[in-house]
Amino acid sequence: MEDNPTVFGQILRGEIPADVIYEDDLCLAFKDISPKAPTHILLIPKKLIPKLSDAKEQDQELLGHMMVAVGKITKMLGIEDTFRLVINNGAKAQQTVFHLHMHILSGRAFNWPPG
Ligand code: 5GP
């Protein structure tokens with residue numbers, strides 16, 4: 001965690017504040033500072049994986065754990081029937097923070113395909 005220079009590393013180390021809504025041994029969820037929907041939560045692993053495509057075989061359990069955490073978080077927020085889960089992978093896919101994160105978005109209409 002100490003070598004994580006990203007803003008999410010700073011949040012994990014408690015160097016900058018975040019509106020945390022869920023935490024367990026492996027991951028942390030907090031409100032996005034610039035929400036793109038009425039509900040916009042970011043779920044991050046405590047371990048630094050810069051982007052999804054950097055995940056290794058040994059990260060399988062962590063990634064599965066995060067998907068189950070999404071279910072818990074959305075149930076907790078009462079949005080389990082309608083939400084969108086987004087992972088931007090790489091700068092050209094609009095990833096700006098290089099610590100893997102899942103966007104959980106809800107509370108508005110969504111288009112398909114996404115932009
Ligand atoms: P990305 O574009 O990398 O997929 O998403 C990064 C997200 O992190 C953006 O939605 C942005 O608003 C959010 N973000 C950036 N800096 C901070 C911060 O300091 N605190 C919080 N809570 N969210 C942040």
# chains A, B, ... in the order shown; residues from 1 in each chain; ligands from 1
$ residues_near_ligand --ligand "ligand 1" --cutoff "7 Å" --atoms "only C-alpha atoms and all ligand atoms" --output "PyMOL selection string"
chain A and resi 7+18-19+30-35+87-88+94-98+101
$ closest_atom_pairs --of "stretch 57-95 of chain A" --to "stretch 102-113 of chain A" --cutoff "8 Å" --atoms "only C-alpha atoms" --output "JSON lines"
{"residue": "A:Val70", "atom": "CA", "partner": "A:Ile104", "partner_atom": "CA", "distance": 7.8}
{"residue": "A:Ile79", "atom": "CA", "partner": "A:Ser106", "partner_atom": "CA", "distance": 6.9}
{"residue": "A:Thr82", "atom": "CA", "partner": "A:Ser106", "partner_atom": "CA", "distance": 6.6}
{"residue": "A:Phe83", "atom": "CA", "partner": "A:Ser106", "partner_atom": "CA", "distance": 4.6}
{"residue": "A:Arg84", "atom": "CA", "partner": "A:Leu105", "partner_atom": "CA", "distance": 5.1}
{"residue": "A:Leu85", "atom": "CA", "partner": "A:Ile104", "partner_atom": "CA", "distance": 4.9}
{"residue": "A:Val86", "atom": "CA", "partner": "A:His103", "partner_atom": "CA", "distance": 4.9}
{"residue": "A:Ile87", "atom": "CA", "partner": "A:Met102", "partner_atom": "CA", "distance": 5.1}
$ write_last_selection --atoms "N, CA and C atoms" --output "tab-separated table (two decimals), in the first residue's frame"
chain	number	residue	atom	x	y	z
A	70	VAL	N	-20.01	-6.21	-4.54
A	70	VAL	CA	-20.93	-5.35	-5.31
A	70	VAL	C	-22.38	-5.73	-4.97
A	79	ILE	N	-30.41	-0.74	-4.30
A	79	ILE	CA	-30.37	-0.53	-5.76
A	79	ILE	C	-30.04	-1.83	-6.49
A	82	THR	N	-31.33	-2.43	-10.15
A	82	THR	CA	-30.98	-1.56	-11.28
A	82	THR	C	-29.72	-0.76	-10.99
A	83	PHE	N	-28.63	-1.27	-11.50
A	83	PHE	CA	-27.38	-0.50	-11.41
A	83	PHE	C	-26.51	-0.89	-12.58
A	84	ARG	N	-25.52	-0.06	-12.83
A	84	ARG	CA	-24.53	-0.40	-13.86
A	84	ARG	C	-23.17	-0.49	-13.20
A	85	LEU	N	-22.40	-1.50	-13.60
A	85	LEU	CA	-21.05	-1.72	-13.09
A	85	LEU	C	-20.08	-1.46	-14.23
A	86	VAL	N	-19.14	-0.53	-14.01
A	86	VAL	CA	-18.23	-0.13	-15.08
A	86	VAL	C	-16.79	-0.23	-14.60
A	87	ILE	N	-15.94	-0.78	-15.45
A	87	ILE	CA	-14.49	-0.74	-15.20
A	87	ILE	C	-13.85	-0.13	-16.44
$ atom_distance --atom1 "atom CA of A:Lys46" --atom2 "atom CA of A:Met66"
10.6 Å
$ closest_residue --among "A:Ile21, A:Ala91, A:Ile11, A:Ile16" --to "A:Ile73" --atoms "only C-alpha atoms"
A:Ile21
$ closest_residue --among "A:Leu62, A:Leu100, A:Ile41, A:Ala55" --to "A:Thr74" --atoms "only C-alpha atoms"
A:Ile41
$ atom_distance --atom1 "atom CA of A:Pro45" --atom2 "atom CA of A:Gly90"
17.1 Å
$ select_by_dssp --residues "stretch 3-115 of chain A" --states "strand (DSSP E)" --output "NGL selection string"
:A and (20-23 or 27-31 or 39-45 or 84-86 or 102-106)
$ select_by_dssp --residues "chain A" --states "alpha helix (DSSP H)" --output "list of chain:residue names"
A:Val7, A:Phe8, A:Gly9, A:Gln10, A:Ile11, A:Leu12, A:Gln60, A:Glu61, A:Leu62, A:Leu63, A:Gly64, A:His65, A:Met66, A:Met67, A:Val68, A:Ala69, A:Val70, A:Gly71, A:Lys72, A:Ile73, A:Thr74, A:Lys75, A:Met76, A:Leu77
$ write_last_selection --atoms "C-alpha atoms" --output "PDB file, in the first residue's frame"
ATOM      1  CA  VAL A   7      -5.285   9.158  -5.056  1.00  0.00           C
ATOM      2  CA  PHE A   8      -6.895   5.854  -4.061  1.00  0.00           C
ATOM      3  CA  GLY A   9      -3.640   4.889  -2.335  1.00  0.00           C
ATOM      4  CA  GLN A  10      -3.915   8.149  -0.395  1.00  0.00           C
ATOM      5  CA  ILE A  11      -7.496   7.271   0.568  1.00  0.00           C
ATOM      6  CA  LEU A  12      -6.441   3.775   1.692  1.00  0.00           C
ATOM      7  CA  GLN A  60      -8.893 -14.506  -9.013  1.00  0.00           C
ATOM      8  CA  GLU A  61     -10.213 -14.837  -5.478  1.00  0.00           C
ATOM      9  CA  LEU A  62      -9.893 -11.080  -4.841  1.00  0.00           C
ATOM     10  CA  LEU A  63     -11.775 -10.201  -8.028  1.00  0.00           C
ATOM     11  CA  GLY A  64     -14.531 -12.701  -7.238  1.00  0.00           C
ATOM     12  CA  HIS A  65     -14.686 -11.305  -3.712  1.00  0.00           C
ATOM     13  CA  MET A  66     -15.192  -7.803  -5.156  1.00  0.00           C
ATOM     14  CA  MET A  67     -18.037  -8.961  -7.397  1.00  0.00           C
ATOM     15  CA  VAL A  68     -19.774 -10.479  -4.371  1.00  0.00           C
ATOM     16  CA  ALA A  69     -19.128  -7.210  -2.489  1.00  0.00           C
ATOM     17  CA  VAL A  70     -20.933  -5.352  -5.305  1.00  0.00           C
ATOM     18  CA  GLY A  71     -23.982  -7.485  -4.561  1.00  0.00           C
ATOM     19  CA  LYS A  72     -23.750  -6.691  -0.840  1.00  0.00           C
ATOM     20  CA  ILE A  73     -23.256  -2.964  -1.419  1.00  0.00           C
ATOM     21  CA  THR A  74     -26.113  -2.634  -3.913  1.00  0.00           C
ATOM     22  CA  LYS A  75     -28.443  -4.528  -1.567  1.00  0.00           C
ATOM     23  CA  MET A  76     -27.361  -2.284   1.300  1.00  0.00           C
ATOM     24  CA  LEU A  77     -28.226   0.764  -0.830  1.00  0.00           C
TER      25      LEU A  77
END
$ atom_distance --atom1 "atom CA of A:Leu28" --atom2 "atom CA of A:Pro114"
25.7 Å
$ decode --residues "stretch 2-14 of chain A" --atoms "N, CA, C and O atoms" --output "compact mmCIF listing (two decimals), in the first residue's frame"
# COMPACT_ATOMS: atom_id res chain seq x y z
N GLU A 2 2.04 1.14 0.68
CA GLU A 2 2.93 2.31 0.82
C GLU A 2 3.45 2.80 -0.53
O GLU A 2 3.74 3.97 -0.70
N ASP A 3 3.58 1.88 -1.50
CA ASP A 3 4.13 2.25 -2.80
C ASP A 3 3.05 2.72 -3.77
O ASP A 3 3.32 2.89 -4.93
N ASN A 4 1.85 2.90 -3.27
CA ASN A 4 0.74 3.25 -4.16
C ASN A 4 0.63 4.78 -4.25
O ASN A 4 0.14 5.43 -3.33
N PRO A 5 1.05 5.35 -5.38
CA PRO A 5 1.08 6.81 -5.48
C PRO A 5 -0.25 7.43 -5.90
O PRO A 5 -0.37 8.65 -5.97
N THR A 6 -1.27 6.62 -6.16
CA THR A 6 -2.52 7.17 -6.69
C THR A 6 -3.36 7.80 -5.58
O THR A 6 -3.14 7.57 -4.39
N VAL A 7 -4.37 8.53 -6.01
CA VAL A 7 -5.29 9.16 -5.06
C VAL A 7 -6.02 8.08 -4.24
O VAL A 7 -6.32 8.31 -3.05
N PHE A 8 -6.23 6.92 -4.82
CA PHE A 8 -6.90 5.85 -4.06
C PHE A 8 -5.94 5.27 -3.02
O PHE A 8 -6.36 4.84 -1.95
N GLY A 9 -4.65 5.28 -3.33
CA GLY A 9 -3.64 4.89 -2.34
C GLY A 9 -3.69 5.85 -1.16
O GLY A 9 -3.61 5.44 0.00
N GLN A 10 -3.83 7.14 -1.46
CA GLN A 10 -3.91 8.15 -0.40
C GLN A 10 -5.16 7.92 0.47
O GLN A 10 -5.12 8.08 1.68
N ILE A 11 -6.26 7.56 -0.18
CA ILE A 11 -7.50 7.27 0.57
C ILE A 11 -7.28 6.05 1.46
O ILE A 11 -7.62 6.06 2.64
N LEU A 12 -6.67 5.00 0.92
CA LEU A 12 -6.44 3.78 1.69
C LEU A 12 -5.54 4.04 2.90
O LEU A 12 -5.71 3.44 3.96
N ARG A 13 -4.61 4.95 2.74
CA ARG A 13 -3.68 5.26 3.85
C ARG A 13 -4.27 6.31 4.81
O ARG A 13 -3.64 6.68 5.79
N GLY A 14 -5.46 6.82 4.48
CA GLY A 14 -6.11 7.81 5.33
C GLY A 14 -5.50 9.20 5.19
O GLY A 14 -5.71 10.07 6.04
